[in-house]
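S.K.: Let me begin by handing over the structure; questions about it come next.
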Amino acid sequence: QVQLVESGGGLVQAGGSLRLSCAASGTRFTLNVMRWYRQAPGKQRELVAAKTSGDNTNYADSVKGRFTVSNGNAQNTVYLQMNSLKPEDTGVYYCNTFLFGTVYWGQGTQVTVSS
């Protein structure tokens, strides 16, 4: 059973930065794919960024050039560095991964960007 814990959310003014962290536990296997999703009020959850095997990364068009996903120092830890934040980046950010066909989600961390 994999557990994902996100941290680092908060309230920030437009143009500011935040760094989110996601730490996975409960497995000795390396999680090759770790993703960040977000859900804004009244909207569907959307994929923001993904880190896949071979250190490949993918980003939603809306965050390209502003967000960076990277490995953390510990195994199965991933960061999401968010710069030049906009009010439309507001939402709950979730970490996501899968292992042996089972998808896992964290509890989410709130990011609020004020104008």
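Residues are named by chain letter and number: chains run A, B, ... in the order of the structure tokens, numbers start at 1 in each chain, and ligands are numbered from 1 in the order shown.
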Taking only chain A into account, list the residues labelled strand (DSSP E or B) by DSSP (computed from the backbone), as a PyMOL selection string.
M.R.: chain A and resi 3-7+10-13+18-25+34-39+46-52+56-59+67-71+77-82+91-99+102-105+109-114
S.K.: Do you know which residues are at most 12 Å from Asn56 in chain A counting only C-alpha atoms, after dropping those on the same chain fewer than 4 positions away, and could you put them as a PyMOL selection string?
M.R.: chain A and resi 32-35+49-52+68-71
S.K.: As a PDB file with N, CA, C and O atoms, in the first residue's frame, please: the residues near Ala24 in chain A (cut-off 10 Å, only C-alpha atoms, same-chain neighbours under 3 positions excluded).
M.R.:
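See part-v6.pdb below for the written result:
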```pdb
ATOM      1  N   VAL A   2       0.768   2.035  -1.048  1.00  0.00           N
ATOM      2  CA  VAL A   2       1.565   3.249  -1.158  1.00  0.00           C
ATOM      3  C   VAL A   2       0.798   4.419  -0.549  1.00  0.00           C
ATOM      4  O   VAL A   2      -0.394   4.592  -0.798  1.00  0.00           O
ATOM      5  N   GLN A   3       1.483   5.181   0.250  1.00  0.00           N
ATOM      6  CA  GLN A   3       0.902   6.409   0.790  1.00  0.00           C
ATOM      7  C   GLN A   3       1.646   7.603   0.208  1.00  0.00           C
ATOM      8  O   GLN A   3       2.877   7.601   0.148  1.00  0.00           O
ATOM      9  N   LEU A   4       0.878   8.602  -0.191  1.00  0.00           N
ATOM     10  CA  LEU A   4       1.448   9.837  -0.731  1.00  0.00           C
ATOM     11  C   LEU A   4       1.058  10.994   0.174  1.00  0.00           C
ATOM     12  O   LEU A   4      -0.116  11.135   0.538  1.00  0.00           O
ATOM     13  N   VAL A   5       2.037  11.802   0.527  1.00  0.00           N
ATOM     14  CA  VAL A   5       1.789  12.961   1.386  1.00  0.00           C
ATOM     15  C   VAL A   5       2.335  14.201   0.696  1.00  0.00           C
ATOM     16  O   VAL A   5       3.544  14.282   0.426  1.00  0.00           O
ATOM     17  N   GLU A   6       1.454  15.150   0.440  1.00  0.00           N
ATOM     18  CA  GLU A   6       1.857  16.423  -0.158  1.00  0.00           C
ATOM     19  C   GLU A   6       2.035  17.472   0.935  1.00  0.00           C
ATOM     20  O   GLU A   6       1.380  17.417   1.977  1.00  0.00           O
ATOM     21  N   THR A  27       6.468   1.360   0.028  1.00  0.00           N
ATOM     22  CA  THR A  27       6.967   0.475  -1.014  1.00  0.00           C
ATOM     23  C   THR A  27       8.482   0.574  -1.090  1.00  0.00           C
ATOM     24  O   THR A  27       9.041   1.631  -0.835  1.00  0.00           O
ATOM     25  N   THR A  30      10.998   1.657  -6.733  1.00  0.00           N
ATOM     26  CA  THR A  30      11.070   3.026  -7.223  1.00  0.00           C
ATOM     27  C   THR A  30       9.840   3.317  -8.076  1.00  0.00           C
ATOM     28  O   THR A  30       9.509   2.549  -8.980  1.00  0.00           O
ATOM     29  N   LEU A  31       9.193   4.404  -7.777  1.00  0.00           N
ATOM     30  CA  LEU A  31       8.009   4.810  -8.529  1.00  0.00           C
ATOM     31  C   LEU A  31       8.471   5.594  -9.751  1.00  0.00           C
ATOM     32  O   LEU A  31       8.965   6.714  -9.624  1.00  0.00           O
ATOM     33  N   MET A  34       5.469   9.814 -11.413  1.00  0.00           N
ATOM     34  CA  MET A  34       4.797  10.582 -10.363  1.00  0.00           C
ATOM     35  C   MET A  34       4.250  11.836 -11.020  1.00  0.00           C
ATOM     36  O   MET A  34       4.944  12.499 -11.792  1.00  0.00           O
ATOM     37  N   ALA A  74      15.191  12.286  -1.363  1.00  0.00           N
ATOM     38  CA  ALA A  74      14.891  10.938  -0.907  1.00  0.00           C
ATOM     39  C   ALA A  74      14.221  10.145  -2.024  1.00  0.00           C
ATOM     40  O   ALA A  74      13.620  10.725  -2.930  1.00  0.00           O
ATOM     41  N   GLN A  75      14.319   8.835  -1.929  1.00  0.00           N
ATOM     42  CA  GLN A  75      13.668   7.995  -2.927  1.00  0.00           C
ATOM     43  C   GLN A  75      12.166   8.261  -2.919  1.00  0.00           C
ATOM     44  O   GLN A  75      11.558   8.450  -1.864  1.00  0.00           O
ATOM     45  N   ASN A  76      11.567   8.249  -4.092  1.00  0.00           N
ATOM     46  CA  ASN A  76      10.120   8.408  -4.240  1.00  0.00           C
ATOM     47  C   ASN A  76       9.610   9.718  -3.652  1.00  0.00           C
ATOM     48  O   ASN A  76       8.529   9.767  -3.027  1.00  0.00           O
ATOM     49  N   THR A  77      10.416  10.749  -3.808  1.00  0.00           N
ATOM     50  CA  THR A  77       9.993  12.098  -3.440  1.00  0.00           C
ATOM     51  C   THR A  77      10.081  12.976  -4.678  1.00  0.00           C
ATOM     52  O   THR A  77      11.042  12.881  -5.438  1.00  0.00           O
ATOM     53  N   VAL A  78       9.087  13.814  -4.877  1.00  0.00           N
ATOM     54  CA  VAL A  78       9.083  14.686  -6.046  1.00  0.00           C
ATOM     55  C   VAL A  78       8.654  16.085  -5.622  1.00  0.00           C
ATOM     56  O   VAL A  78       7.851  16.245  -4.695  1.00  0.00           O
ATOM     57  N   CYS A  95      -0.841  14.774  -5.547  1.00  0.00           N
ATOM     58  CA  CYS A  95       0.207  13.915  -6.066  1.00  0.00           C
ATOM     59  C   CYS A  95      -0.422  12.577  -6.448  1.00  0.00           C
ATOM     60  O   CYS A  95      -1.349  12.104  -5.780  1.00  0.00           O
ATOM     61  N   ASN A  96       0.090  11.975  -7.501  1.00  0.00           N
ATOM     62  CA  ASN A  96      -0.501  10.745  -8.046  1.00  0.00           C
ATOM     63  C   ASN A  96       0.604   9.831  -8.536  1.00  0.00           C
ATOM     64  O   ASN A  96       1.619  10.285  -9.077  1.00  0.00           O
ATOM     65  N   THR A  97       0.424   8.538  -8.320  1.00  0.00           N
ATOM     66  CA  THR A  97       1.334   7.566  -8.885  1.00  0.00           C
ATOM     67  C   THR A  97       0.602   6.244  -9.064  1.00  0.00           C
ATOM     68  O   THR A  97      -0.579   6.128  -8.710  1.00  0.00           O
ATOM     69  N   TYR A 104      -2.653   5.535  -6.933  1.00  0.00           N
ATOM     70  CA  TYR A 104      -2.647   6.116  -5.588  1.00  0.00           C
ATOM     71  C   TYR A 104      -2.692   7.638  -5.675  1.00  0.00           C
ATOM     72  O   TYR A 104      -2.082   8.244  -6.565  1.00  0.00           O
ATOM     73  N   TRP A 105      -3.400   8.225  -4.723  1.00  0.00           N
ATOM     74  CA  TRP A 105      -3.521   9.676  -4.622  1.00  0.00           C
ATOM     75  C   TRP A 105      -3.152  10.131  -3.216  1.00  0.00           C
ATOM     76  O   TRP A 105      -3.418   9.435  -2.234  1.00  0.00           O
ATOM     77  N   GLY A 106      -2.589  11.325  -3.151  1.00  0.00           N
ATOM     78  CA  GLY A 106      -2.401  11.957  -1.866  1.00  0.00           C
ATOM     79  C   GLY A 106      -3.666  12.682  -1.450  1.00  0.00           C
ATOM     80  O   GLY A 106      -4.663  12.711  -2.173  1.00  0.00           O
TER      81      GLY A 106
END
```
S.K.: For Gly108 in chain A, which residue out of A:Leu11, A:Arg45, A:Asn73, A:Ser25 is the nearest one, using only C-alpha atoms?
M.R.: A:Arg45
S.K.: For Ser84 in chain A, which residue out of A:Ser17, A:Ser7, A:Gln107, A:Asn58 is the nearest one, using only C-alpha atoms?
M.R.: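 For Ser84 in chain A, the nearest of the given residues is A:Ser17.
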S.K.: Could you tell me how far CA of Gln39 in chain A lies from CA of Asp89 in chain A, in Å and to one decimal?
M.R.: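 Distance between the two atoms: 9.3 Å.
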S.K.: Calculated over only C-alpha atoms, which of the candidates A:Val113, A:Tyr94, A:Gly42, A:Tyr37 has the smallest distance to Gly10 in chain A?
M.R.: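 Checking each of A:Val113, A:Tyr94, A:Gly42, A:Tyr37 against Gly10 in chain A, counting only C-alpha atoms, the winner is A:Val113.
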S.K.: At what distance in Å, to one decimal, does CA of Gly26 in chain A lie from CA of Gln1 in chain A?
M.R.: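 Distance between the two atoms: 5.6 Å.
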S.K.: To one decimal in Å, tell me the separation between CA of Gly15 in chain A and CA of Pro41 in chain A.
M.R.: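 Those two atoms sit 20.8 Å apart.
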S.K.: Which polymer residues have any atom within 8 Å of an atom of Pro87 in chain A, counting only C-alpha atoms, with same-chain residues fewer than 4 positions away left out, as a list in words?
M.R.: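 Everything that qualifies: Ala14, Thr112, Val113, Ser114 and Ser115 of chain A.
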S.K.: Nearest to Gln110 in chain A: which of A:Ser53, A:Tyr79, A:Arg38, A:Gln13 is it, counting only C-alpha atoms?
M.R.: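 Under the stated criterion, the closest residue is A:Arg38.
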